[in-house]
file structure03.pdb (PDB, N, CA and C atoms and all ligand atoms)
ATOM      1  N   MET T   1      92.823  95.752  90.550
ATOM      2  CA  MET T   1      94.134  95.116  90.417
ATOM      3  C   MET T   1      95.218  95.986  91.040
ATOM      4  N   THR T   2      96.251  95.344  91.462
ATOM      5  CA  THR T   2      97.395  96.102  91.948
ATOM      6  C   THR T   2      98.518  95.980  90.940
ATOM      7  N   ASP T   3      99.370  96.981  90.913
ATOM      8  CA  ASP T   3     100.537  96.858  90.058
ATOM      9  C   ASP T   3     101.645  96.149  90.833
ATOM     10  N   LYS T   4     102.802  96.033  90.254
ATOM     11  CA  LYS T   4     103.869  95.263  90.891
ATOM     12  C   LYS T   4     104.371  95.897  92.179
ATOM     13  N   ASN T   5     104.010  97.171  92.391
ATOM     14  CA  ASN T   5     104.409  97.840  93.628
ATOM     15  C   ASN T   5     103.300  97.822  94.687
ATOM     16  N   GLY T   6     102.221  97.112  94.407
ATOM     17  CA  GLY T   6     101.139  97.026  95.364
ATOM     18  C   GLY T   6     100.225  98.233  95.354
ATOM     19  N   LYS T   7     100.356  99.098  94.348
ATOM     20  CA  LYS T   7      99.498 100.282  94.270
ATOM     21  C   LYS T   7      98.102  99.884  93.804
ATOM     22  N   CYS T   8      97.084 100.503  94.416
ATOM     23  CA  CYS T   8      95.703 100.195  94.054
ATOM     24  C   CYS T   8      95.445 100.546  92.590
ATOM     25  N   ARG T   9      94.774  99.612  91.888
ATOM     26  CA  ARG T   9      94.436  99.852  90.485
ATOM     27  C   ARG T   9      92.939 100.111  90.328
ATOM     28  N   ARG T  10      92.259 100.322  91.439
ATOM     29  CA  ARG T  10      90.848 100.723  91.441
ATOM     30  C   ARG T  10      89.940  99.697  90.780
ATOM     31  N   CYS T  11      90.103  98.451  91.144
ATOM     32  CA  CYS T  11      89.178  97.430  90.633
ATOM     33  C   CYS T  11      87.834  97.532  91.339
ATOM     34  N   GLY T  12      87.817  98.109  92.545
ATOM     35  CA  GLY T  12      86.573  98.306  93.272
ATOM     36  C   GLY T  12      86.106  97.110  94.076
ATOM     37  N   ALA T  13      86.825  96.006  94.025
ATOM     38  CA  ALA T  13      86.370  94.782  94.691
ATOM     39  C   ALA T  13      86.188  94.964  96.196
ATOM     40  N   CYS T  14      87.073  95.717  96.825
ATOM     41  CA  CYS T  14      87.007  95.856  98.286
ATOM     42  C   CYS T  14      85.822  96.698  98.733
ATOM     43  N   CYS T  15      85.245  97.481  97.856
ATOM     44  CA  CYS T  15      84.155  98.385  98.228
ATOM     45  C   CYS T  15      82.825  97.920  97.637
ATOM     46  N   SER T  16      82.818  96.728  97.054
ATOM     47  CA  SER T  16      81.640  96.299  96.285
ATOM     48  C   SER T  16      80.622  95.541  97.113
ATOM     49  N   GLY T  17      80.853  95.408  98.409
ATOM     50  CA  GLY T  17      79.898  94.714  99.256
ATOM     51  C   GLY T  17      80.347  93.331  99.671
ATOM     52  N   LEU T  18      81.472  92.884  99.155
ATOM     53  CA  LEU T  18      81.991  91.575  99.565
ATOM     54  C   LEU T  18      82.513  91.633 100.992
ATOM     55  N   LEU T  19      82.965  92.809 101.392
ATOM     56  CA  LEU T  19      83.478  92.989 102.744
ATOM     57  C   LEU T  19      82.464  93.774 103.570
ATOM     58  N   ILE T  20      82.430  93.516 104.865
ATOM     59  CA  ILE T  20      81.598  94.305 105.765
ATOM     60  C   ILE T  20      82.432  95.502 106.217
ATOM     61  N   VAL T  21      81.933  96.690 105.956
ATOM     62  CA  VAL T  21      82.617  97.924 106.374
ATOM     63  C   VAL T  21      81.687  98.689 107.313
ATOM     64  N   GLU T  22      82.160  98.941 108.505
ATOM     65  CA  GLU T  22      81.371  99.695 109.468
ATOM     66  C   GLU T  22      82.159 100.911 109.936
ATOM     67  N   ALA T  23      81.431 101.931 110.338
ATOM     68  CA  ALA T  23      82.045 103.173 110.802
ATOM     69  C   ALA T  23      81.617 103.442 112.232
ATOM     70  N   GLY T  24      82.499 104.070 112.993
ATOM     71  CA  GLY T  24      82.203 104.462 114.361
ATOM     72  C   GLY T  24      81.966 105.953 114.451
ATOM     73  N   VAL T  25      81.744 106.407 115.666
ATOM     74  CA  VAL T  25      81.368 107.811 115.852
ATOM     75  C   VAL T  25      82.498 108.757 115.432
ATOM     76  N   GLU T  26      83.738 108.343 115.579
ATOM     77  CA  GLU T  26      84.836 109.212 115.139
ATOM     78  C   GLU T  26      84.833 109.359 113.619
ATOM     79  N   ASP T  27      84.489 108.266 112.943
ATOM     80  CA  ASP T  27      84.388 108.338 111.475
ATOM     81  C   ASP T  27      83.270 109.288 111.061
ATOM     82  N   VAL T  28      82.151 109.211 111.784
ATOM     83  CA  VAL T  28      80.990 110.048 111.469
ATOM     84  C   VAL T  28      81.291 111.517 111.729
ATOM     85  N   GLU T  29      82.057 111.775 112.772
ATOM     86  CA  GLU T  29      82.406 113.174 113.059
ATOM     87  C   GLU T  29      83.350 113.718 111.989
ATOM     88  N   ARG T  30      84.191 112.857 111.445
ATOM     89  CA  ARG T  30      85.095 113.292 110.368
ATOM     90  C   ARG T  30      84.354 113.447 109.050
ATOM     91  N   GLU T  31      83.364 112.574 108.830
ATOM     92  CA  GLU T  31      82.621 112.588 107.568
ATOM     93  C   GLU T  31      81.121 112.484 107.865
ATOM     94  N   PRO T  32      80.422 113.609 107.989
ATOM     95  CA  PRO T  32      78.993 113.605 108.337
ATOM     96  C   PRO T  32      78.108 112.861 107.340
ATOM     97  N   ARG T  33      78.535 112.726 106.106
ATOM     98  CA  ARG T  33      77.692 112.020 105.116
ATOM     99  C   ARG T  33      77.468 110.565 105.510
ATOM    100  N   ILE T  34      78.365 109.995 106.292
ATOM    101  CA  ILE T  34      78.159 108.605 106.727
ATOM    102  C   ILE T  34      76.896 108.521 107.569
ATOM    103  N   GLU T  35      76.742 109.453 108.497
ATOM    104  CA  GLU T  35      75.547 109.442 109.349
ATOM    105  C   GLU T  35      74.294 109.735 108.528
ATOM    106  N   GLN T  36      74.425 110.591 107.534
ATOM    107  CA  GLN T  36      73.262 110.973 106.725
ATOM    108  C   GLN T  36      72.830 109.858 105.776
ATOM    109  N   GLU T  37      73.773 109.055 105.302
ATOM    110  CA  GLU T  37      73.456 108.140 104.208
ATOM    111  C   GLU T  37      73.567 106.661 104.550
ATOM    112  N   CYS T  38      74.132 106.329 105.706
ATOM    113  CA  CYS T  38      74.319 104.912 106.042
ATOM    114  C   CYS T  38      73.408 104.498 107.192
ATOM    115  N   LEU T  39      73.132 103.206 107.250
ATOM    116  CA  LEU T  39      72.234 102.653 108.273
ATOM    117  C   LEU T  39      72.924 102.636 109.634
ATOM    118  N   LEU T  40      72.253 103.227 110.622
ATOM    119  CA  LEU T  40      72.766 103.213 111.996
ATOM    120  C   LEU T  40      72.422 101.880 112.644
ATOM    121  N   LEU T  41      73.440 101.193 113.159
ATOM    122  CA  LEU T  41      73.227  99.920 113.845
ATOM    123  C   LEU T  41      73.191 100.222 115.339
ATOM    124  N   ASP T  42      72.035 100.606 115.810
ATOM    125  CA  ASP T  42      71.952 101.118 117.185
ATOM    126  C   ASP T  42      71.214 100.182 118.131
ATOM    127  N   GLY T  43      70.960  98.953 117.692
ATOM    128  CA  GLY T  43      70.262  98.012 118.580
ATOM    129  C   GLY T  43      68.909  98.541 119.002
ATOM    130  N   HIS T  44      68.202  99.170 118.058
ATOM    131  CA  HIS T  44      66.871  99.742 118.342
ATOM    132  C   HIS T  44      66.938 100.742 119.508
ATOM    133  N   GLY T  45      67.982 101.525 119.528
ATOM    134  CA  GLY T  45      68.090 102.584 120.527
ATOM    135  C   GLY T  45      68.750 102.177 121.825
ATOM    136  N   SER T  46      69.210 100.940 121.918
ATOM    137  CA  SER T  46      69.776 100.456 123.180
ATOM    138  C   SER T  46      71.277 100.710 123.301
ATOM    139  N   ILE T  47      71.896 101.169 122.224
ATOM    140  CA  ILE T  47      73.350 101.366 122.238
ATOM    141  C   ILE T  47      73.649 102.862 122.305
ATOM    142  N   PRO T  48      74.464 103.299 123.268
ATOM    143  CA  PRO T  48      74.822 104.726 123.341
ATOM    144  C   PRO T  48      75.492 105.193 122.055
ATOM    145  N   ARG T  49      75.284 106.439 121.715
ATOM    146  CA  ARG T  49      75.814 106.965 120.456
ATOM    147  C   ARG T  49      77.330 106.778 120.345
ATOM    148  N   ASP T  50      78.038 106.963 121.450
ATOM    149  CA  ASP T  50      79.504 106.872 121.349
ATOM    150  C   ASP T  50      79.982 105.442 121.107
ATOM    151  N   GLN T  51      79.061 104.476 121.184
ATOM    152  CA  GLN T  51      79.421 103.082 120.884
ATOM    153  C   GLN T  51      78.720 102.575 119.629
ATOM    154  N   ALA T  52      77.953 103.448 118.986
ATOM    155  CA  ALA T  52      77.170 103.041 117.820
ATOM    156  C   ALA T  52      78.074 102.827 116.602
ATOM    157  N   THR T  53      77.559 102.031 115.668
ATOM    158  CA  THR T  53      78.256 101.843 114.403
ATOM    159  C   THR T  53      77.263 102.056 113.266
ATOM    160  N   TRP T  54      77.799 102.449 112.149
ATOM    161  CA  TRP T  54      77.007 102.646 110.935
ATOM    162  C   TRP T  54      77.503 101.659 109.890
ATOM    163  N   SER T  55      76.554 101.052 109.187
ATOM    164  CA  SER T  55      76.898 100.096 108.146
ATOM    165  C   SER T  55      77.213 100.845 106.857
ATOM    166  N   VAL T  56      78.471 100.804 106.455
ATOM    167  CA  VAL T  56      78.899 101.513 105.248
ATOM    168  C   VAL T  56      78.749 100.606 104.024
ATOM    169  N   ALA T  57      79.133  99.360 104.167
ATOM    170  CA  ALA T  57      78.986  98.394 103.066
ATOM    171  C   ALA T  57      78.809  97.011 103.672
ATOM    172  N   CYS T  58      77.807  96.309 103.182
ATOM    173  CA  CYS T  58      77.547  94.946 103.650
ATOM    174  C   CYS T  58      76.593  94.285 102.667
ATOM    175  N   GLY T  59      77.132  93.456 101.809
ATOM    176  CA  GLY T  59      76.278  92.740 100.867
ATOM    177  C   GLY T  59      75.993  93.496  99.580
ATOM    178  N   VAL T  60      76.015  94.800  99.641
ATOM    179  CA  VAL T  60      75.851  95.612  98.434
ATOM    180  C   VAL T  60      76.999  96.619  98.388
ATOM    181  N   ALA T  61      77.229  97.153  97.219
ATOM    182  CA  ALA T  61      78.347  98.084  97.062
ATOM    183  C   ALA T  61      78.164  99.310  97.947
ATOM    184  N   CYS T  62      79.258  99.803  98.446
ATOM    185  CA  CYS T  62      79.237 101.017  99.258
ATOM    186  C   CYS T  62      78.647 102.171  98.439
ATOM    187  N   GLY T  63      77.798 102.939  99.078
ATOM    188  CA  GLY T  63      77.158 104.057  98.394
ATOM    189  C   GLY T  63      78.114 105.171  98.011
ATOM    190  N   PHE T  64      79.289 105.151  98.595
ATOM    191  CA  PHE T  64      80.276 106.187  98.275
ATOM    192  C   PHE T  64      81.209 105.771  97.138
ATOM    193  N   LEU T  65      81.016 104.548  96.642
ATOM    194  CA  LEU T  65      81.854 104.077  95.542
ATOM    195  C   LEU T  65      81.313 104.619  94.221
ATOM    196  N   GLY T  66      82.139 105.362  93.508
ATOM    197  CA  GLY T  66      81.704 105.942  92.245
ATOM    198  C   GLY T  66      81.786 104.952  91.096
ATOM    199  N   SER T  67      81.149 105.298  89.994
ATOM    200  CA  SER T  67      81.174 104.427  88.815
ATOM    201  C   SER T  67      82.589 104.294  88.248
ATOM    202  N   ASP T  68      83.452 105.231  88.641
ATOM    203  CA  ASP T  68      84.850 105.172  88.212
ATOM    204  C   ASP T  68      85.701 104.342  89.190
ATOM    205  N   HIS T  69      85.006 103.684  90.154
ATOM    206  CA  HIS T  69      85.668 102.853  91.172
ATOM    207  C   HIS T  69      86.526 103.674  92.130
ATOM    208  N   LYS T  70      86.248 104.968  92.212
ATOM    209  CA  LYS T  70      86.937 105.807  93.187
ATOM    210  C   LYS T  70      86.017 106.049  94.379
ATOM    211  N   CYS T  71      86.629 106.192  95.544
ATOM    212  CA  CYS T  71      85.879 106.485  96.757
ATOM    213  C   CYS T  71      85.462 107.960  96.739
ATOM    214  N   GLY T  72      84.183 108.192  96.932
ATOM    215  CA  GLY T  72      83.669 109.558  96.912
ATOM    216  C   GLY T  72      83.985 110.354  98.164
ATOM    217  N   ILE T  73      84.454 109.676  99.207
ATOM    218  CA  ILE T  73      84.817 110.379 100.449
ATOM    219  C   ILE T  73      86.242 109.970 100.849
ATOM    220  N   TYR T  74      87.097 109.820  99.866
ATOM    221  CA  TYR T  74      88.424 109.237 100.115
ATOM    222  C   TYR T  74      89.180 109.918 101.254
ATOM    223  N   ASP T  75      89.189 111.238 101.265
ATOM    224  CA  ASP T  75      89.983 111.961 102.283
ATOM    225  C   ASP T  75      89.421 111.798 103.684
ATOM    226  N   THR T  76      88.140 111.488 103.778
ATOM    227  CA  THR T  76      87.494 111.362 105.091
ATOM    228  C   THR T  76      86.877 109.976 105.266
ATOM    229  N   ARG T  77      87.370 108.986 104.550
ATOM    230  CA  ARG T  77      86.816 107.634 104.612
ATOM    231  C   ARG T  77      87.026 107.031 106.011
ATOM    232  N   PRO T  78      86.203 106.010 106.356
ATOM    233  CA  PRO T  78      86.302 105.410 107.692
ATOM    234  C   PRO T  78      87.664 104.766 107.959
ATOM    235  N   ASP T  79      87.960 104.620 109.230
ATOM    236  CA  ASP T  79      89.233 104.010 109.622
ATOM    237  C   ASP T  79      89.399 102.606 109.046
ATOM    238  N   GLU T  80      88.309 101.830 108.983
ATOM    239  CA  GLU T  80      88.421 100.475 108.428
ATOM    240  C   GLU T  80      88.950 100.518 107.000
ATOM    241  N   CYS T  81      88.498 101.505 106.248
ATOM    242  CA  CYS T  81      88.942 101.629 104.858
ATOM    243  C   CYS T  81      90.407 102.081 104.808
ATOM    244  N   ARG T  82      90.786 102.928 105.741
ATOM    245  CA  ARG T  82      92.171 103.414 105.788
ATOM    246  C   ARG T  82      93.147 102.276 106.085
ATOM    247  N   GLY T  83      92.658 101.281 106.837
ATOM    248  CA  GLY T  83      93.521 100.168 107.203
ATOM    249  C   GLY T  83      93.633  99.098 106.134
ATOM    250  N   PHE T  84      92.845  99.228 105.073
ATOM    251  CA  PHE T  84      92.858  98.222 104.015
ATOM    252  C   PHE T  84      94.011  98.524 103.056
ATOM    253  N   LEU T  85      94.948  97.621 102.976
ATOM    254  CA  LEU T  85      96.150  97.887 102.184
ATOM    255  C   LEU T  85      96.052  97.302 100.779
ATOM    256  N   ALA T  86      96.223  98.169  99.783
ATOM    257  CA  ALA T  86      96.275  97.693  98.402
ATOM    258  C   ALA T  86      97.446  96.734  98.244
ATOM    259  N   GLY T  87      97.168  95.601  97.661
ATOM    260  CA  GLY T  87      98.222  94.610  97.459
ATOM    261  C   GLY T  87      98.422  93.707  98.661
ATOM    262  N   GLY T  88      97.720  93.979  99.755
ATOM    263  CA  GLY T  88      97.818  93.155 100.948
ATOM    264  C   GLY T  88      97.020  91.861 100.795
ATOM    265  N   GLU T  89      97.106  91.027 101.814
ATOM    266  CA  GLU T  89      96.451  89.715 101.757
ATOM    267  C   GLU T  89      94.949  89.840 101.521
ATOM    268  N   GLN T  90      94.308  90.781 102.252
ATOM    269  CA  GLN T  90      92.860  90.930 102.127
ATOM    270  C   GLN T  90      92.475  91.462 100.742
ATOM    271  N   CYS T  91      93.271  92.361 100.227
ATOM    272  CA  CYS T  91      93.050  92.893  98.876
ATOM    273  C   CYS T  91      93.096  91.752  97.860
ATOM    274  N   LEU T  92      94.106  90.934  97.934
ATOM    275  CA  LEU T  92      94.266  89.849  96.959
ATOM    276  C   LEU T  92      93.130  88.833  97.094
ATOM    277  N   ARG T  93      92.739  88.533  98.342
ATOM    278  CA  ARG T  93      91.667  87.549  98.556
ATOM    279  C   ARG T  93      90.327  88.100  98.051
ATOM    280  N   THR T  94      90.069  89.370  98.312
ATOM    281  CA  THR T  94      88.812  89.981  97.877
ATOM    282  C   THR T  94      88.730  90.020  96.361
ATOM    283  N   ARG T  95      89.824  90.365  95.726
ATOM    284  CA  ARG T  95      89.850  90.381  94.266
ATOM    285  C   ARG T  95      89.588  89.000  93.712
ATOM    286  N   ALA T  96      90.206  87.977  94.316
ATOM    287  CA  ALA T  96      90.020  86.613  93.833
ATOM    288  C   ALA T  96      88.547  86.204  93.951
ATOM    289  N   GLU T  97      87.906  86.579  95.077
ATOM    290  CA  GLU T  97      86.485  86.245  95.264
ATOM    291  C   GLU T  97      85.626  86.983  94.244
ATOM    292  N   ALA T  98      85.924  88.253  94.014
ATOM    293  CA  ALA T  98      85.128  89.047  93.074
ATOM    294  C   ALA T  98      85.240  88.487  91.668
ATOM    295  N   PHE T  99      86.440  88.156  91.275
ATOM    296  CA  PHE T  99      86.612  87.665  89.916
ATOM    297  C   PHE T  99      86.057  86.255  89.756
ATOM    298  N   ALA T 100      86.055  85.454  90.812
ATOM    299  CA  ALA T 100      85.435  84.130  90.757
ATOM    300  C   ALA T 100      83.930  84.281  90.551
ATOM    301  N   MET T 101      83.319  85.274  91.219
ATOM    302  CA  MET T 101      81.883  85.506  91.057
ATOM    303  C   MET T 101      81.580  85.944  89.637
ATOM    304  N   VAL T 102      82.414  86.807  89.074
ATOM    305  CA  VAL T 102      82.196  87.259  87.698
ATOM    306  C   VAL T 102      82.258  86.065  86.762
ATOM    307  N   ASN T 103      83.208  85.176  86.976
ATOM    308  CA  ASN T 103      83.346  84.014  86.098
ATOM    309  C   ASN T 103      82.135  83.102  86.194
ATOM    310  N   VAL T 104      81.578  82.938  87.411
ATOM    311  CA  VAL T 104      80.383  82.105  87.590
ATOM    312  C   VAL T 104      79.228  82.731  86.832
ATOM    313  N   GLU T 105      79.059  84.066  86.978
ATOM    314  CA  GLU T 105      77.943  84.735  86.299
ATOM    315  C   GLU T 105      78.085  84.646  84.791
ATOM    316  N   VAL T 106      79.271  84.802  84.287
ATOM    317  CA  VAL T 106      79.501  84.739  82.854
ATOM    318  C   VAL T 106      79.245  83.329  82.340
ATOM    319  N   GLY T 107      79.581  82.329  83.170
ATOM    320  CA  GLY T 107      79.443  80.949  82.730
ATOM    321  C   GLY T 107      78.024  80.426  82.809
ATOM    322  N   GLU T 108      77.137  81.169  83.505
ATOM    323  CA  GLU T 108      75.751  80.671  83.660
ATOM    324  C   GLU T 108      74.974  80.755  82.368
TER     325      GLU T 108
HETATM  326  S1  LIG S 201      90.651  95.292  96.043
HETATM  327 FE1  LIG S 201      92.756  96.084  96.189
HETATM  328  S2  LIG S 201      93.271  96.746  94.100
HETATM  329 FE2  LIG S 201      91.029  96.534  94.193
HETATM  330  S3  LIG S 201      90.273  98.611  94.693
HETATM  331 FE3  LIG S 201      90.554  97.468  96.637
HETATM  332  S4  LIG S 201      92.627  98.003  97.323
HETATM  333 FE4  LIG S 201      92.486  98.535  95.159
HETATM  334  S1  LIG S 202      83.973 104.580 102.121
HETATM  335 FE1  LIG S 202      85.218 104.601 100.265
HETATM  336  S2  LIG S 202      86.944 103.228 100.674
HETATM  337 FE2  LIG S 202      85.328 102.784 102.198
HETATM  338  S3  LIG S 202      84.093 101.101 101.334
HETATM  339 FE3  LIG S 202      83.140 103.035 100.728
HETATM  340  S4  LIG S 202      83.995 103.546  98.688
HETATM  341 FE4  LIG S 202      85.338 102.001  99.679
END

call {"tool": "encode", "arguments": {"input": "structure03.pdb", "output": "structure tokens"}}
result
Amino acid sequence: MTDKNGKCRRCGACCSGLLIVEAGVEDVEREPRIEQECLLLDGHGSIPRDQATWSVACGVACGFLGSDHKCGIYDTRPDECRGFLAGGEQCLRTRAEAFAMVNVEVGE
């Protein structure tokens, strides 16, 4: 949730796998754990390293998301994550989708 000033309230929805988060080589150079722990999308070796991407989150929660809903690599997180604005349109839409899923599961 965000507060009235748009500050992140750490609901974790944006990092829970609802969004596709990928990292590039600059992200990997800033944070080596991405290369060590995330799947390299290299087209079976056909893509040069400087154009490669790593799958940080897609369908399942990001491995760097802690149980406290904090990012475990916050200071060195990928550029895609840096561009995600708390309280922004994507934040609000992702939260709405996450909470709709929770309601469906609870209602089953
Ligand atoms: S969805 Fe928005 S409020 Fe929730 S953790 Fe992400 S940025 Fe913060
Ligand atoms: S790297 Fe951090 S901010 Fe980015 S998806 Fe993972 S937990 Fe969220």

call {"tool": "select_by_dssp", "arguments": {"input": "structure03.pdb", "residues": "chain T", "states": "helix (DSSP H, G or I)", "output": "ChimeraX atom specification"}}
result
/T:13-15,25-30,32-37,49-51,74-76,79-82,89-107

call {"tool": "atom_distance", "arguments": {"input": "structure03.pdb", "atom1": "CA of Leu18 (chain T)", "atom2": "CA of Gly59 (chain T)"}}
result
6.0 Å

call {"tool": "resolve_selection", "arguments": {"input": "structure03.pdb", "expression": "the PyMOL selection byres (((not hetatm)) within 7 of (chain S and resi 202))", "output": "PyMOL selection string"}}
result
chain T and resi 14-16+21+56-57+61-66+70-74+76-78+80-82

call {"tool": "residues_near_ligand", "arguments": {"input": "structure03.pdb", "ligand": "ligand LIG 201 (chain S)", "cutoff": "8 Å", "atoms": "all atoms listed in the file", "output": "PyMOL selection string"}}
result
chain T and resi 1-3+6-16+69-70+84-88+90-96

call {"tool": "atom_distance", "arguments": {"input": "structure03.pdb", "atom1": "CA of Asp79 (chain T)", "atom2": "CA of Asp27 (chain T)"}}
result
6.8 Å

call {"tool": "closest_residue", "arguments": {"input": "structure03.pdb", "among": "T:Ile20, T:Val28, T:Leu39, T:Ala98", "to": "Ser55 (chain T)", "atoms": "only N, CA and C atoms"}}
result
T:Leu39

call {"tool": "atom_distance", "arguments": {"input": "structure03.pdb", "atom1": "atom C of Glu26 (chain T)", "atom2": "atom N of Thr53 (chain T)"}}
result
10.5 Å

call {"tool": "axis_aligned_box", "arguments": {"input": "structure03.pdb", "around": "region 35-43 of chain T", "padding_each_side": "8 Å", "output": "lines of an AutoDock Vina configuration file"}}
result
center_x = 72.8
center_y = 104.5
center_z = 111.6
size_x = 23.8
size_y = 29.0
size_z = 30.8
